[in-house]
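The structure file structure.tsv is reproduced below (TSV, C-alpha atoms).
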chain	number	residue	atom	x	y	z
A	28	MET	CA	49.77	-32.73	8.82
A	29	GLN	CA	52.53	-30.76	7.13
A	30	LEU	CA	53.92	-32.32	3.97
A	31	PRO	CA	57.38	-31.12	2.97
A	32	TYR	CA	58.29	-29.24	-0.13
A	33	ALA	CA	58.97	-31.60	-3.02
A	34	HIS	CA	62.46	-31.13	-4.42
A	35	GLY	CA	63.34	-31.09	-8.09
A	36	GLN	CA	66.76	-30.66	-9.70
A	37	ALA	CA	68.12	-27.25	-8.70
A	38	GLY	CA	64.63	-26.30	-7.56
A	39	VAL	CA	63.38	-26.12	-11.14
A	40	PRO	CA	59.80	-27.43	-11.62
A	41	LEU	CA	59.49	-30.22	-14.13
A	42	ALA	CA	56.81	-30.21	-16.81
A	43	VAL	CA	53.72	-32.13	-15.80
A	44	PRO	CA	51.26	-33.15	-18.51
A	45	ASP	CA	47.66	-32.10	-18.21
A	46	ALA	CA	45.40	-34.72	-16.67
A	47	PRO	CA	41.94	-33.46	-17.60
A	48	ALA	CA	40.21	-36.60	-16.38
A	49	ASP	CA	41.65	-36.69	-12.83
A	50	ALA	CA	38.28	-36.06	-11.21
A	51	ASP	CA	36.56	-38.54	-13.52
A	52	VAL	CA	39.19	-41.17	-12.75
A	53	LEU	CA	38.63	-40.60	-9.04
A	54	ALA	CA	34.89	-40.97	-9.57
A	55	ARG	CA	35.41	-44.38	-11.16
A	56	THR	CA	37.28	-45.58	-8.07
A	57	GLY	CA	34.12	-45.15	-6.00
A	58	PHE	CA	35.63	-42.31	-3.96
A	59	ALA	CA	33.01	-40.97	-1.56
A	60	THR	CA	32.99	-37.18	-1.50
A	61	ARG	CA	32.33	-35.46	1.81
A	62	ALA	CA	29.22	-33.31	1.91
A	63	ASP	CA	30.39	-31.70	5.16
A	64	LEU	CA	33.37	-30.25	3.24
A	65	GLY	CA	31.26	-29.10	0.30
A	66	GLN	CA	33.57	-31.31	-1.76
A	67	HIS	CA	33.59	-31.09	-5.57
A	68	PHE	CA	36.62	-31.49	-7.84
A	69	LEU	CA	37.59	-29.40	-10.85
A	70	ARG	CA	37.71	-31.52	-13.98
A	71	SER	CA	39.51	-29.30	-16.49
A	72	PRO	CA	43.01	-27.75	-16.45
A	73	GLU	CA	41.72	-25.32	-19.08
A	74	VAL	CA	39.23	-23.92	-16.58
A	75	ALA	CA	42.06	-23.63	-14.05
A	76	ARG	CA	44.04	-21.54	-16.54
A	77	ARG	CA	41.01	-19.31	-17.11
A	78	LEU	CA	40.80	-18.68	-13.38
A	79	LEU	CA	44.47	-17.70	-13.43
A	80	GLU	CA	43.77	-15.16	-16.15
A	81	CYS	CA	41.02	-13.66	-14.00
A	82	ALA	CA	43.37	-13.52	-11.00
A	83	ALA	CA	46.06	-11.61	-12.97
A	84	LEU	CA	48.87	-12.87	-10.75
A	85	PRO	CA	52.32	-11.34	-11.14
A	86	THR	CA	55.11	-13.79	-11.92
A	87	GLY	CA	56.57	-15.22	-8.73
A	88	ALA	CA	53.56	-14.34	-6.56
A	89	GLN	CA	52.82	-16.50	-3.55
A	90	VAL	CA	49.36	-18.06	-3.77
A	91	LEU	CA	47.31	-19.60	-0.99
A	92	GLU	CA	44.88	-22.25	-2.20
A	93	VAL	CA	42.31	-23.59	0.26
A	94	GLY	CA	40.62	-26.85	-0.63
A	95	ALA	CA	43.30	-27.88	-3.12
A	96	GLY	CA	41.66	-31.25	-3.80
A	97	LEU	CA	43.42	-33.10	-6.62
A	98	GLY	CA	45.81	-30.24	-7.41
A	99	THR	CA	44.39	-29.22	-10.79
A	100	LEU	CA	44.39	-25.53	-9.93
A	101	SER	CA	47.60	-25.89	-7.91
A	102	CYS	CA	49.50	-27.16	-10.94
A	103	ALA	CA	48.22	-24.35	-13.13
A	104	VAL	CA	49.46	-21.80	-10.58
A	105	VAL	CA	53.01	-23.16	-10.54
A	106	GLN	CA	53.10	-23.67	-14.31
A	107	ALA	CA	52.27	-19.96	-14.62
A	108	GLY	CA	55.44	-19.07	-12.71
A	109	CYS	CA	53.96	-18.55	-9.25
A	110	ARG	CA	54.41	-20.36	-5.95
A	111	ILE	CA	51.60	-22.34	-4.35
A	112	TRP	CA	50.73	-23.19	-0.77
A	113	ALA	CA	48.03	-25.82	-1.18
A	114	VAL	CA	45.95	-26.46	1.94
A	115	GLU	CA	43.58	-29.43	1.95
A	116	LYS	CA	41.58	-30.74	4.90
A	117	ASP	CA	40.74	-34.23	3.60
A	118	VAL	CA	43.57	-36.54	4.71
A	119	ARG	CA	42.56	-39.07	2.04
A	120	LEU	CA	43.85	-36.68	-0.62
A	121	GLY	CA	47.24	-36.03	0.97
A	122	THR	CA	49.27	-38.55	-1.01
A	123	LEU	CA	47.50	-37.74	-4.29
A	124	LEU	CA	48.08	-34.03	-3.86
A	125	LEU	CA	51.72	-34.39	-2.86
A	126	ASP	CA	52.42	-36.70	-5.81
A	127	LYS	CA	50.81	-34.20	-8.17
A	128	LEU	CA	52.89	-31.29	-6.90
A	129	ARG	CA	56.20	-33.07	-6.22
A	130	PRO	CA	57.63	-32.35	-9.70
A	131	PHE	CA	57.47	-28.62	-9.03
A	132	GLY	CA	60.04	-28.71	-6.26
A	133	PRO	CA	60.16	-25.99	-3.59
A	134	ARG	CA	57.66	-23.80	-5.43
A	135	ALA	CA	54.87	-26.10	-4.25
A	136	ARG	CA	53.98	-26.65	-0.61
A	137	VAL	CA	51.23	-28.92	0.72
A	138	THR	CA	49.55	-28.80	4.11
A	139	ILE	CA	46.87	-31.33	5.08
A	140	ALA	CA	44.80	-29.56	7.71
A	141	ASP	CA	41.79	-27.35	8.25
A	142	VAL	CA	43.02	-23.91	7.20
A	143	ARG	CA	41.49	-22.51	10.39
A	144	SER	CA	44.14	-24.41	12.39
A	145	VAL	CA	47.07	-23.24	10.23
A	146	ASP	CA	49.43	-20.37	11.08
A	147	LEU	CA	48.94	-18.38	7.89
A	148	ASP	CA	51.08	-15.45	9.00
A	149	GLY	CA	53.95	-17.86	9.55
A	150	GLY	CA	53.77	-19.26	6.04
A	151	LEU	CA	52.72	-16.34	3.85
A	152	GLU	CA	54.64	-13.28	2.79
A	153	ARG	CA	53.10	-9.84	2.50
A	154	GLY	CA	51.27	-9.46	-0.81
A	155	SER	CA	50.09	-13.07	-1.07
A	156	VAL	CA	46.90	-13.84	-2.99
A	157	LEU	CA	44.10	-16.25	-2.16
A	158	LEU	CA	43.11	-18.30	-5.21
A	159	ALA	CA	40.71	-21.10	-4.42
A	160	ILE	CA	37.66	-23.12	-5.30
A	161	LEU	CA	35.99	-22.91	-1.92
A	162	PRO	CA	33.55	-25.52	-0.56
A	163	PHE	CA	30.21	-25.60	-2.34
A	164	ASP	CA	28.47	-25.12	0.99
A	165	TRP	CA	27.64	-21.42	1.16
A	166	GLU	CA	27.97	-21.11	4.94
A	167	LEU	CA	31.32	-22.91	5.03
A	168	SER	CA	32.74	-20.93	2.10
A	169	SER	CA	31.67	-17.71	3.80
A	170	ALA	CA	33.23	-18.74	7.11
A	171	LEU	CA	36.53	-19.70	5.48
A	172	THR	CA	36.72	-16.46	3.53
A	173	GLU	CA	36.15	-14.39	6.67
A	174	HIS	CA	38.71	-16.43	8.62
A	175	ILE	CA	41.49	-16.14	6.05
A	176	PHE	CA	41.26	-12.37	5.69
A	177	ALA	CA	40.80	-11.84	9.44
A	178	SER	CA	43.70	-14.07	10.51
A	179	THR	CA	46.40	-12.62	8.26
A	180	HIS	CA	47.00	-9.29	6.56
A	181	ASN	CA	49.60	-10.94	4.33
A	182	VAL	CA	46.77	-11.97	1.98
A	183	VAL	CA	45.96	-8.74	0.19
A	184	ARG	CA	43.30	-9.93	-2.25
A	185	GLY	CA	41.66	-13.04	-3.60
A	186	LEU	CA	39.85	-14.74	-6.44
A	187	VAL	CA	37.51	-17.56	-5.48
A	188	VAL	CA	34.84	-19.80	-6.89
A	189	ILE	CA	31.91	-19.81	-4.49
A	190	PRO	CA	28.21	-20.69	-4.52
A	191	SER	CA	26.09	-17.81	-5.73
A	192	ARG	CA	24.33	-17.76	-2.36
A	193	THR	CA	27.59	-16.84	-0.62
A	194	LEU	CA	27.90	-13.78	-2.84
A	195	ASP	CA	24.24	-12.92	-2.31
A	196	GLN	CA	24.71	-13.02	1.47
A	197	TYR	CA	27.71	-10.70	1.29
A	198	ARG	CA	25.80	-8.24	-0.87
A	199	ALA	CA	22.90	-8.28	1.57
A	200	ALA	CA	25.25	-7.53	4.46
A	201	GLU	CA	27.24	-4.74	2.81
A	202	GLY	CA	25.79	-2.20	5.18
A	203	GLU	CA	26.84	-4.10	8.30
A	204	GLY	CA	30.46	-2.98	8.33
A	205	ARG	CA	32.02	-6.04	6.76
A	206	GLY	CA	35.68	-5.62	5.93
A	207	LEU	CA	35.65	-7.28	2.51
A	208	ARG	CA	34.37	-6.24	-0.90
A	209	LEU	CA	33.26	-9.08	-3.19
A	210	GLU	CA	32.65	-8.56	-6.90
A	211	GLU	CA	31.59	-11.10	-9.50
A	212	VAL	CA	34.07	-11.20	-12.39
A	213	ASP	CA	33.15	-14.36	-14.28
A	214	GLY	CA	30.83	-17.32	-14.38
A	215	ILE	CA	31.62	-21.01	-14.32
A	216	SER	CA	29.52	-24.04	-15.21
A	217	ARG	CA	28.43	-26.51	-12.56
A	218	ARG	CA	29.37	-29.25	-15.03
A	219	GLU	CA	33.06	-28.38	-14.72
A	220	PHE	CA	33.10	-30.26	-11.42
A	221	TRP	CA	32.68	-33.80	-10.18
A	222	PRO	CA	30.24	-34.26	-8.63
A	223	GLN	CA	28.37	-31.58	-10.51
A	224	ALA	CA	27.82	-28.53	-8.33
A	225	PRO	CA	24.32	-28.55	-6.82
A	226	ALA	CA	23.76	-24.79	-7.20
A	227	PRO	CA	24.95	-21.93	-9.43
A	228	LEU	CA	28.54	-20.79	-8.95
A	229	ARG	CA	30.31	-17.46	-9.26
A	230	VAL	CA	33.92	-16.43	-9.84
A	231	VAL	CA	34.46	-13.58	-7.41
A	232	SER	CA	37.28	-11.15	-6.66
A	233	ILE	CA	37.87	-10.17	-3.04
A	234	GLU	CA	39.45	-6.98	-1.80
A	235	ARG	CA	39.77	-5.42	1.62
A	236	ARG	CA	37.68	-2.31	2.20

File written out as structure tokens:
Amino acid sequence: MQLPYAHGQAGVPLAVPDAPADADVLARTGFATRADLGQHFLRSPEVARRLLECAALPTGAQVLEVGAGLGTLSCAVVQAGCRIWAVEKDVRLGTLLLDKLRPFGPRARVTIADVRSVDLDGGLERGSVLLAILPFDWELSSALTEHIFASTHNVVRGLVVIPSRTLDQYRAAEGEGRGLRLEEVDGISRREFWPQAPAPLRVVSIERR
């Protein structure tokens, strides 16, 4: 499902206040997270801003976010002067995500679909960056990473939060001709997410070999 760009006055994004308890509010509603999606939600906009610092995005860059969830990281991207294409598979989050990003006008785009069914070349310009908190299922996060970089050369690099096991598997397979180089650049606490992440996490940069 493709959700349209939200339009603000003259395309200028409006200020949106931080909502540090979005994930906690969702938890109180009894929302059932999906284990098959490795679903966990970032609780803190401050952590989102720290991820942006690690990504070192140039102003105006186009960012692909996979697993956008409640839009906490998405908002930080646009507030930093970049453009976001937020892709989220869970249809239950479509309205929440669109409402969160609507104030930013045409600089925020939302697609509700499995990223593996999306025409990334058709929506991304050359030089785009992947910035995402990938599913906390190591096999799924690995599969999505491989798919994104294999399906479009418009994504030139990435910064992702992944389970430590995903990084370990890449390191173990470095001699098998894989086309990506992953490097740990920061850590992140499991407690920054609801539900709490079940295993250690890593903040990892991705580059093509």

Surrounding residues of Arg110 in chain A excluding itself and chain neighbours under 5 positions, 10 Å, all atoms listed in the file, as a PyMOL selection string: chain A and resi 86-91+101-102+104-105+131+133-136+155

Counting all atoms listed in the file, the option among A:Val93, A:Leu209, A:Val183, A:Cys81 closest to Glu152 in chain A: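 With all atoms listed in the file as the atom set, the closest residue is A:Val183.
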
Counting all atoms listed in the file, figure out which residue out of A:Ala50, A:Val156, A:Leu186, A:Ile233 gets nearest to Leu207 in chain A. A:Ile233

Best match for closeness to Arg208 in chain A among A:Pro225, A:Gly98, A:Gly154, A:Gly185, counting only C-alpha atoms: A:Gly185

Could you check how far CA of Arg235 in chain A sits from CA of Ser191 in chain A, in Å to one decimal?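 Result for CA of Arg235 in chain A versus CA of Ser191 in chain A: 19.9 Å, one decimal.
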
Which of these, A:Ala226, A:Val52, A:Leu147, A:Ile189, has the shortest distance to Leu167 in chain A once you count all atoms listed in the file? A:Ile189

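Minimum atom-to-atom distances from A:Arg76, A:Arg143, A:Arg119, A:Arg236 to Leu158 in chain A were compared using all atoms listed in the file, and the lowest value belongs to A:Arg76.
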
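Between CA of Ile111 in chain A and CA of Ala95 in chain A the separation is 10.1 Å.
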
Nearest to Arg217 in chain A by atom-to-atom distance, counting only C-alpha atoms, from A:His180, A:Arg70, A:Arg77, A:Arg61: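 Using only C-alpha atoms, the shortest distance to Arg217 in chain A belongs to A:Arg70.
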
Rounded to one decimal, what separation in Å do you get between CA of Thr60 in chain A and CA of Ala82 in chain A?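 The value is 27.5 Å.
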
Long-range neighbours of Pro227 in chain A as a list in words, 12 Å cut-off, only C-alpha atoms, 4 positions minimum in chain: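 In the requested form, the answer reads Phe163, Asp164, Trp165, Val188, Ile189, Pro190, Ser191, Arg192, Thr193, Leu194, Asp195, Gly214, Ile215, Ser216, Arg217, Arg218, Glu219, Phe220 and Gln223 of chain A.
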
What's the 12 Å shell around Val145 in chain A, counting only C-alpha atoms, without same-chain residues fewer than 3 positions away, as an MDAnalysis selection string? chainID A and resid 28:29 91 93 112:116 137:142 148:151 174:175 178:179

Quick one: residues within 12 Å of Asp49 in chain A, all atoms listed in the file, excluding same-chain residues fewer than 6 positions away - as a ChimeraX atom specification? /A:55-56,68-72,96-100,123-124,127,220-221

Range 133-151 of chain A, all listed atoms, 3 Å padding on each side: what axis-aligned box centre and edge lengths in Å to one decimal come out, as lines of an AutoDock Vina configuration file?
center_x = 50.8
center_y = -23.4
center_z = 3.5
size_x = 24.7
size_y = 21.9
size_z = 23.8
